[in-house]
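Have a look at upload.txt below; it lists compact mmCIF, C-alpha atoms and all ligand atoms.
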# COMPACT_ATOMS: atom_id res chain seq x y z
CA MET E 1 23.41 -28.90 43.94
CA ASN E 2 26.10 -26.81 42.24
CA PRO E 3 24.74 -24.48 39.59
CA THR E 4 25.68 -24.39 35.91
CA VAL E 5 27.28 -20.96 35.58
CA TYR E 6 27.89 -19.25 32.25
CA PHE E 7 30.25 -16.32 31.82
CA VAL E 8 29.06 -14.29 28.83
CA ILE E 9 31.72 -12.13 27.22
CA PRO E 10 31.18 -9.89 24.18
CA CYS E 11 34.39 -9.49 22.20
CA TYR E 12 35.14 -6.92 19.54
CA ASN E 13 38.71 -6.84 18.26
CA GLU E 14 40.03 -8.32 21.49
CA GLU E 15 42.90 -10.46 20.15
CA GLU E 16 45.31 -8.86 22.58
CA VAL E 17 43.41 -9.76 25.74
CA LEU E 18 41.47 -12.93 24.96
CA GLU E 19 44.08 -15.50 25.89
CA GLU E 20 44.78 -13.90 29.23
CA THR E 21 41.08 -13.46 29.95
CA VAL E 22 40.35 -17.11 29.18
CA LYS E 23 43.34 -18.20 31.27
CA ARG E 24 42.14 -16.27 34.30
CA LEU E 25 38.53 -17.36 33.90
CA THR E 26 39.62 -21.00 33.54
CA ALA E 27 41.51 -20.76 36.84
CA LYS E 28 38.42 -19.15 38.33
CA PHE E 29 36.13 -21.94 37.14
CA ASP E 30 38.51 -24.57 38.54
CA ALA E 31 38.46 -22.81 41.90
CA MET E 32 34.70 -22.33 41.84
CA GLN E 33 34.14 -26.01 41.10
CA ALA E 34 36.36 -26.95 44.03
CA GLN E 35 34.33 -24.61 46.27
CA GLY E 36 31.02 -26.00 45.05
CA LEU E 37 30.01 -22.76 43.32
CA ALA E 38 29.85 -24.18 39.79
CA ASN E 39 29.38 -27.60 38.26
CA GLY E 40 31.14 -29.35 35.36
CA LYS E 41 28.68 -28.03 32.80
CA SER E 42 29.72 -24.43 33.44
CA ARG E 43 31.16 -22.62 30.45
CA MET E 44 32.40 -19.26 29.25
CA LEU E 45 30.63 -18.04 26.15
CA LEU E 46 32.69 -15.71 23.99
CA VAL E 47 30.57 -13.70 21.57
CA ASN E 48 32.52 -12.44 18.60
CA ASP E 49 30.83 -9.21 17.61
CA GLY E 50 32.01 -9.11 13.98
CA SER E 51 35.64 -8.45 14.89
CA LYS E 52 38.02 -7.41 12.15
CA ASP E 53 41.11 -8.93 13.77
CA LYS E 54 41.98 -12.50 14.78
CA THR E 55 39.45 -12.70 17.62
CA TRP E 56 37.37 -15.47 16.04
CA GLU E 57 40.43 -17.56 15.11
CA ILE E 58 41.57 -17.33 18.71
CA ILE E 59 38.14 -18.30 19.99
CA THR E 60 38.03 -21.30 17.63
CA ARG E 61 41.42 -22.46 18.82
CA LEU E 62 40.64 -21.94 22.50
CA HIS E 63 37.38 -23.86 22.00
CA LYS E 64 39.39 -26.90 20.89
CA GLU E 65 41.98 -26.59 23.64
CA ASN E 66 39.84 -25.64 26.60
CA HIS E 67 36.69 -27.50 27.56
CA TYR E 68 35.21 -24.39 29.22
CA VAL E 69 35.28 -22.27 26.07
CA GLU E 70 32.29 -21.91 23.80
CA GLY E 71 31.98 -19.34 21.04
CA VAL E 72 29.27 -17.56 19.14
CA LYS E 73 30.05 -15.73 15.95
CA LEU E 74 27.77 -12.89 14.96
CA ALA E 75 27.39 -12.23 11.26
CA HIS E 76 28.02 -8.49 11.75
CA ASN E 77 29.31 -6.00 14.25
CA ARG E 78 26.10 -5.21 16.12
CA GLY E 79 27.57 -3.34 19.08
CA HIS E 80 28.17 -4.31 22.67
CA GLN E 81 24.55 -4.36 23.87
CA ASN E 82 23.32 -6.59 21.04
CA ALA E 83 26.30 -8.91 21.33
CA LEU E 84 25.71 -9.21 25.05
CA LEU E 85 22.02 -9.94 24.58
CA CYS E 86 22.88 -12.60 22.00
CA GLY E 87 25.26 -14.23 24.47
CA LEU E 88 22.70 -14.15 27.27
CA MET E 89 19.96 -15.59 25.06
CA THR E 90 22.28 -18.35 23.83
CA ALA E 91 23.27 -19.21 27.39
CA MET E 92 19.69 -19.06 28.75
CA PRO E 93 18.57 -22.63 27.98
CA LEU E 94 21.97 -24.06 28.96
CA CYS E 95 22.61 -22.44 32.34
CA ASP E 96 21.21 -21.87 35.81
CA CYS E 97 22.70 -18.40 35.88
CA ALA E 98 24.80 -16.25 33.57
CA ILE E 99 27.28 -13.52 34.47
CA SER E 100 28.10 -10.91 31.85
CA LEU E 101 31.52 -9.31 31.88
CA ASP E 102 33.88 -7.44 29.57
CA ALA E 103 36.66 -9.17 27.68
CA ASP E 104 39.30 -6.72 28.86
CA LEU E 105 39.49 -7.87 32.53
CA GLN E 106 38.26 -4.48 33.78
CA ASP E 107 35.51 -6.24 35.68
CA ASP E 108 37.22 -7.82 38.68
CA VAL E 109 37.42 -11.60 38.14
CA ASP E 110 37.90 -12.19 41.86
CA ALA E 111 34.42 -10.85 42.54
CA LEU E 112 32.79 -13.63 40.50
CA ASP E 113 32.35 -15.96 43.51
CA LYS E 114 30.37 -13.30 45.32
CA PHE E 115 27.87 -13.12 42.49
CA VAL E 116 27.27 -16.87 42.60
CA GLN E 117 27.06 -16.84 46.40
CA LYS E 118 24.29 -14.24 46.20
CA TYR E 119 22.58 -16.38 43.56
CA LEU E 120 22.74 -19.40 45.87
CA GLU E 121 21.23 -17.22 48.61
CA GLY E 122 18.21 -16.76 46.34
CA CYS E 123 18.85 -13.64 44.26
CA ASP E 124 17.78 -13.65 40.63
CA VAL E 125 19.74 -10.56 39.64
CA VAL E 126 23.06 -9.46 41.13
CA TYR E 127 24.42 -6.07 40.05
CA GLY E 128 28.14 -5.40 40.05
CA VAL E 129 28.70 -1.89 41.40
CA ARG E 130 31.99 -0.05 41.11
CA ASN E 131 33.56 1.03 44.37
CA LYS E 132 35.39 4.00 42.95
CA ARG E 133 36.23 5.42 39.60
CA ASP E 134 39.92 6.17 40.03
CA THR E 135 40.91 4.18 36.92
CA ASP E 136 38.79 6.53 34.79
CA THR E 137 39.83 9.88 33.43
CA TRP E 138 38.38 12.94 35.12
CA PHE E 139 36.18 13.53 32.06
CA LYS E 140 34.72 10.01 32.01
CA ARG E 141 34.15 9.99 35.74
CA THR E 142 32.29 13.31 35.85
CA THR E 143 30.20 12.65 32.75
CA ALA E 144 29.34 9.10 33.84
CA GLU E 145 28.30 10.08 37.36
CA GLY E 146 26.40 13.11 36.08
CA TYR E 147 24.64 10.87 33.60
CA TYR E 148 23.40 8.44 36.25
CA LYS E 149 22.00 11.41 38.15
CA VAL E 150 20.22 12.76 35.07
CA LEU E 151 18.71 9.33 34.40
CA ARG E 152 17.41 9.21 37.96
CA LEU E 153 15.93 12.70 37.62
CA LEU E 154 14.16 11.60 34.46
CA GLY E 155 12.61 8.73 36.34
CA VAL E 156 14.72 5.88 34.92
CA ASP E 157 15.40 3.18 37.47
CA VAL E 158 19.12 2.45 37.10
CA VAL E 159 21.63 1.19 39.64
CA PHE E 160 24.22 3.88 40.36
CA ASN E 161 27.68 3.04 38.99
CA HIS E 162 26.57 -0.29 37.59
CA ALA E 163 27.33 -1.05 33.96
CA ASP E 164 26.95 -4.54 32.54
CA TYR E 165 28.80 -6.67 35.07
CA ARG E 166 25.87 -8.64 36.43
CA LEU E 167 24.48 -12.05 37.20
CA MET E 168 21.08 -13.12 36.00
CA SER E 169 19.31 -16.36 36.87
CA ARG E 170 17.68 -18.38 34.17
CA ARG E 171 14.24 -17.11 35.02
CA ALA E 172 15.46 -13.51 34.98
CA LEU E 173 16.89 -14.21 31.51
CA GLU E 174 13.53 -15.62 30.48
CA GLY E 175 12.03 -12.38 31.70
CA LEU E 176 14.53 -10.39 29.66
CA ALA E 177 13.70 -12.48 26.57
CA GLU E 178 10.18 -11.07 26.68
CA TYR E 179 11.44 -7.53 26.05
CA LYS E 180 11.46 -7.27 22.29
CA GLU E 181 12.83 -3.76 21.90
CA VAL E 182 15.45 -3.01 19.30
CA ASN E 183 17.02 0.00 21.04
CA LEU E 184 18.81 -1.87 23.77
CA PHE E 185 19.89 -0.37 27.07
CA LEU E 186 20.25 -3.49 29.18
CA ARG E 187 21.10 -1.79 32.45
CA GLY E 188 17.76 0.01 32.24
CA MET E 189 15.81 -3.08 31.19
CA VAL E 190 17.02 -5.53 33.83
CA PRO E 191 15.56 -3.62 36.82
CA LEU E 192 12.18 -3.77 35.06
CA ILE E 193 12.15 -7.55 35.29
CA GLY E 194 11.76 -7.50 39.06
CA TYR E 195 12.67 -10.50 41.28
CA LYS E 196 14.99 -10.40 44.24
CA SER E 197 18.24 -8.58 43.55
CA ASP E 198 21.40 -7.60 45.38
CA TYR E 199 24.71 -5.82 44.79
CA VAL E 200 28.32 -6.90 44.70
CA TYR E 201 30.91 -4.13 45.07
CA TYR E 202 34.14 -4.42 43.12
CA ASP E 203 37.14 -2.37 42.06
CA ARG E 204 37.36 -1.75 38.35
CA HIS E 205 40.80 -2.34 36.89
CA GLU E 206 42.59 -0.78 33.98
CA ARG E 207 42.04 -2.40 30.60
CA PHE E 208 44.47 -5.34 30.44
CA ALA E 209 45.59 -4.60 26.86
CA GLY E 210 44.33 -3.04 23.66
CA GLU E 211 42.24 0.09 23.56
CA SER E 212 38.66 0.97 24.42
CA LYS E 213 36.10 -0.13 21.84
CA TYR E 214 33.72 2.49 23.20
CA PRO E 215 34.78 5.79 21.68
CA LEU E 216 33.02 8.95 22.81
CA LYS E 217 30.57 8.76 19.90
CA LYS E 218 29.30 5.29 20.83
CA MET E 219 29.17 6.27 24.48
CA VAL E 220 27.04 9.32 23.74
CA ALA E 221 24.76 7.19 21.53
CA LEU E 222 24.30 4.67 24.35
CA ALA E 223 23.68 7.45 26.86
CA LEU E 224 20.99 9.05 24.68
CA ASP E 225 19.44 5.64 24.02
CA GLY E 226 19.24 5.16 27.75
CA ILE E 227 17.26 8.35 28.15
CA SER E 228 14.89 8.13 25.21
CA SER E 229 14.24 4.38 25.61
CA PHE E 230 13.21 4.73 29.21
CA SER E 231 11.84 8.19 29.75
CA VAL E 232 9.30 10.38 27.99
CA LYS E 233 10.06 13.23 30.38
CA PRO E 234 12.00 15.20 27.74
CA LEU E 235 8.79 15.37 25.69
CA LYS E 236 6.88 16.64 28.72
CA LEU E 237 9.61 19.17 29.45
CA ILE E 238 9.26 20.45 25.91
CA SER E 239 5.51 20.89 26.28
CA ASN E 240 5.99 22.67 29.60
CA PHE E 241 8.60 24.86 28.04
CA GLY E 242 6.20 25.64 25.18
CA ILE E 243 3.52 26.66 27.67
CA ILE E 244 5.91 28.95 29.54
CA VAL E 245 7.08 30.61 26.33
CA SER E 246 3.47 31.08 25.19
CA ILE E 247 2.55 32.78 28.47
CA LEU E 248 5.58 35.03 28.23
CA SER E 249 4.69 35.92 24.66
CA VAL E 250 1.24 37.14 25.79
CA PHE E 251 3.00 39.63 28.04
CA GLY E 252 5.28 40.53 25.16
CA LEU E 253 2.27 41.14 22.95
CA LEU E 254 0.60 43.29 25.58
CA TYR E 255 3.76 45.29 25.98
CA ALA E 256 4.01 45.76 22.20
CA LEU E 257 0.38 46.89 21.90
CA ILE E 258 0.69 49.31 24.80
CA SER E 259 3.88 50.72 23.30
CA TYR E 260 2.15 51.13 20.00
CA PHE E 261 -0.84 53.03 21.36
CA ALA E 262 1.25 55.04 23.76
CA GLY E 263 3.39 56.12 20.88
CA TRP E 264 6.74 54.88 22.24
CA ALA E 265 7.06 52.07 19.72
CA VAL E 266 10.62 52.61 18.61
CA SER E 267 13.75 50.72 17.79
CA GLY E 268 13.65 47.41 19.71
CA TRP E 269 15.69 45.85 16.98
CA THR E 270 18.09 44.04 19.33
CA ALA E 271 15.30 42.45 21.28
CA ILE E 272 13.65 41.20 18.12
CA VAL E 273 16.77 39.75 16.60
CA CYS E 274 17.76 38.08 19.85
CA SER E 275 14.38 36.51 20.35
CA ILE E 276 14.24 35.25 16.77
CA TRP E 277 17.56 33.46 17.15
CA LEU E 278 16.86 32.18 20.61
CA LEU E 279 13.40 30.88 19.80
CA GLY E 280 14.54 29.49 16.44
CA GLY E 281 17.30 27.55 18.15
CA LEU E 282 15.06 26.29 20.90
CA GLN E 283 12.41 25.23 18.41
CA MET E 284 14.94 23.26 16.42
CA LEU E 285 16.26 21.63 19.58
CA CYS E 286 12.74 20.64 20.58
CA LEU E 287 12.01 19.31 17.11
CA GLY E 288 15.23 17.33 17.32
CA VAL E 289 14.14 15.74 20.60
CA VAL E 290 10.73 14.86 19.19
CA GLY E 291 12.44 13.59 16.03
CA GLY E 292 14.65 11.37 18.16
CA TYR E 293 11.58 9.67 19.60
CA VAL E 294 9.94 9.38 16.17
CA GLY E 295 13.11 7.75 14.83
CA LYS E 296 12.99 5.26 17.67
CA ILE E 297 9.38 4.42 16.97
CA TYR E 298 10.44 3.84 13.38
CA SER E 299 13.11 1.31 14.28
CA GLU E 300 10.91 -0.39 16.89
CA VAL E 301 8.04 -0.73 14.43
CA LYS E 302 10.30 -2.31 11.84
CA ALA E 303 11.38 -4.76 14.55
CA ARG E 304 14.38 -5.97 12.64
CA PRO E 305 16.41 -8.83 14.13
CA ARG E 306 18.79 -7.57 16.77
CA TYR E 307 21.61 -9.93 15.82
CA ARG E 308 22.26 -12.93 13.63
CA VAL E 309 24.27 -15.92 14.76
CA GLU E 310 26.53 -17.32 12.10
CA GLU E 311 28.16 -20.09 14.09
CA PHE E 312 27.90 -21.58 17.58
CA LEU E 313 30.81 -23.61 18.90
CA GLN E 314 29.37 -25.67 21.72
CA GLN E 315 31.12 -28.07 24.05
CA PRO E 316 29.64 -31.54 24.58
CA ARG E 317 27.17 -31.57 27.51
CA GLU E 318 28.09 -34.10 30.14
N1 LIG M 401 32.35 -4.58 22.52
C1 LIG M 401 31.57 -5.28 21.59
N2 LIG M 401 31.14 -4.64 20.47
C2 LIG M 401 31.43 -3.32 20.19
C3 LIG M 401 32.20 -2.60 21.16
C4 LIG M 401 32.64 -3.25 22.30
O1 LIG M 401 31.28 -6.45 21.80
O2 LIG M 401 31.02 -2.82 19.15
C5 LIG M 401 32.83 -5.26 23.74
C6 LIG M 401 34.31 -5.21 24.00
O3 LIG M 401 35.00 -6.24 23.32
C7 LIG M 401 34.40 -5.36 25.50
C8 LIG M 401 33.13 -4.70 25.99
O4 LIG M 401 32.25 -4.62 24.84
O5 LIG M 401 34.38 -6.72 25.91
C9 LIG M 401 33.36 -3.32 26.56
O6 LIG M 401 34.10 -2.54 25.65
P1 LIG M 401 35.34 -1.66 26.10
O7 LIG M 401 36.11 -2.36 27.17
O8 LIG M 401 36.12 -1.30 24.89
O9 LIG M 401 34.61 -0.38 26.68
P2 LIG M 401 35.07 0.54 27.93
O10 LIG M 401 35.39 -0.39 29.05
O11 LIG M 401 36.25 1.28 27.45
O12 LIG M 401 33.88 1.40 28.20
MG MG M 402 36.63 -1.96 28.97
Show this structure as structure tokens.
Amino acid sequence: MNPTVYFVIPCYNEEEVLEETVKRLTAKFDAMQAQGLANGKSRMLLVNDGSKDKTWEIITRLHKENHYVEGVKLAHNRGHQNALLCGLMTAMPLCDCAISLDADLQDDVDALDKFVQKYLEGCDVVYGVRNKRDTDTWFKRTTAEGYYKVLRLLGVDVVFNHADYRLMSRRALEGLAEYKEVNLFLRGMVPLIGYKSDYVYYDRHERFAGESKYPLKKMVALALDGISSFSVKPLKLISNFGIIVSILSVFGLLYALISYFAGWAVSGWTAIVCSIWLLGGLQMLCLGVVGGYVGKIYSEVKARPRYRVEEFLQQPRE
């Protein structure tokens, strides 16, 4: 039997691209239905992440005109990861599988069939992996690839060059629903669910229109979240570092004592000043890392809601 497929698309100030995205995804759904890859209950779920422009008006209109379009309006801008989770959780009871993709057509629409084919072959999670990064700037490419490597080194199980273009079956979504954390890093959480998974390789396009909603600041925040939500290695590194410095300081002390008794305790001003600054800086850095984890514990313990749905425009179920 053909599956009910949901496309889940977080949208933040995407008025320039939405119409085109919906047009292309509509054509895709028509083709997928003809090929037996999706049934008539399949929908695209546009999650408006508190946009300041006309995004929600466009979604409301498209919902009336196009029987594939459903919309969720969040009460605030909660960021991409929260908006995506909201979309996935809304789609969960309605679908057999959900595919998350960006609103800006960077995730190759033509690859969508391959995801569903893998699902029909029995995969619960299908990761979209970028073939190459030639549409990125040199800076983004190097930092992104370096980052995946660092995550691996820190013991976080992430799929190399996979962002949030992925298919999840309903039971994988039910698995995801059990993770209650507030600091979301979905690409690190999904591999924890388990089940059979596979990859689909695709070429990432340029943004169709508009500009990136992920400025460097948000990107760095997400990257740091990814590390501190999934790895406690930085804390261990700090302790190891502390041990090494303590051992070294014993030698330093010995040296100082010997110098004192031998009578060549002189100047040494440079060494002292340098070590004060160096150690002061390193201590503050280490405190900062520990503080980062404490801050996270704080927000996890409060367990505030991750998003709030203000409105859900649903299509009639056949
Ligand atoms: N997005 C969102 N909330 C935000 C920022 C971004 O829902 O606060 C959405 C955005 O509309 C897009 C996706 O997340 O569908 C990815 O954002 P973008 O394409 O701007 O990021 P980039 O591809 O430049 O990393
Ligand atoms: Mg984009």
| Test item: residues no farther than 6 Å from ligand LIG 401 (chain M), counting only C-alpha atoms and all ligand atoms, as a count of residues only | 14
Considering only C-alpha atoms, return as a PDB file with C-alpha atoms, in the coordinates of the input whatever protein or nucleic-acid residues lie within 12 Å of Leu94 of chain E, sequence-local ones (same chain, fewer than 4 positions apart) excluded.
ATOM      1  CA  PRO E   3      24.740 -24.480  39.590  1.00  0.00           C
ATOM      2  CA  THR E   4      25.680 -24.390  35.910  1.00  0.00           C
ATOM      3  CA  VAL E   5      27.280 -20.960  35.580  1.00  0.00           C
ATOM      4  CA  TYR E   6      27.890 -19.250  32.250  1.00  0.00           C
ATOM      5  CA  PHE E   7      30.250 -16.320  31.820  1.00  0.00           C
ATOM      6  CA  LYS E  41      28.680 -28.030  32.800  1.00  0.00           C
ATOM      7  CA  SER E  42      29.720 -24.430  33.440  1.00  0.00           C
ATOM      8  CA  ARG E  43      31.160 -22.620  30.450  1.00  0.00           C
ATOM      9  CA  MET E  44      32.400 -19.260  29.250  1.00  0.00           C
ATOM     10  CA  LEU E  45      30.630 -18.040  26.150  1.00  0.00           C
ATOM     11  CA  GLU E  70      32.290 -21.910  23.800  1.00  0.00           C
ATOM     12  CA  GLY E  87      25.260 -14.230  24.470  1.00  0.00           C
ATOM     13  CA  LEU E  88      22.700 -14.150  27.270  1.00  0.00           C
ATOM     14  CA  MET E  89      19.960 -15.590  25.060  1.00  0.00           C
ATOM     15  CA  THR E  90      22.280 -18.350  23.830  1.00  0.00           C
ATOM     16  CA  ALA E  98      24.800 -16.250  33.570  1.00  0.00           C
ATOM     17  CA  SER E 169      19.310 -16.360  36.870  1.00  0.00           C
ATOM     18  CA  ARG E 170      17.680 -18.380  34.170  1.00  0.00           C
ATOM     19  CA  LEU E 173      16.890 -14.210  31.510  1.00  0.00           C
ATOM     20  CA  GLN E 314      29.370 -25.670  21.720  1.00  0.00           C
ATOM     21  CA  GLN E 315      31.120 -28.070  24.050  1.00  0.00           C
ATOM     22  CA  PRO E 316      29.640 -31.540  24.580  1.00  0.00           C
ATOM     23  CA  ARG E 317      27.170 -31.570  27.510  1.00  0.00           C
ATOM     24  CA  GLU E 318      28.090 -34.100  30.140  1.00  0.00           C
TER      25      GLU E 318
END
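If only C-alpha atoms are the atoms counted, then among E:Tyr201, E:Asn2, E:Arg171, E:Asp53 the closest residue to Leu112 of chain E is E:Tyr201.
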| Shortest interatomic distance to Lys73 of chain E - which of E:Ser229, E:Thr143, E:Ser51, E:Ser249, counting all atoms listed in the file | E:Ser51
| message | Show me the residues around (36.1, -23.8, 33.6) - criterion: an atom at most 10 Å away, all atoms listed in the file counted - as a list in words. | response | Val5, Tyr6, Phe7, Val22, Lys23, Arg24, Leu25, Thr26, Ala27, Lys28, Phe29, Asp30, Ala31, Met32, Gln33, Ala38, Asn39, Gly40, Lys41, Ser42, Arg43, Met44, Asn66, His67, Tyr68 and Val69 of chain E
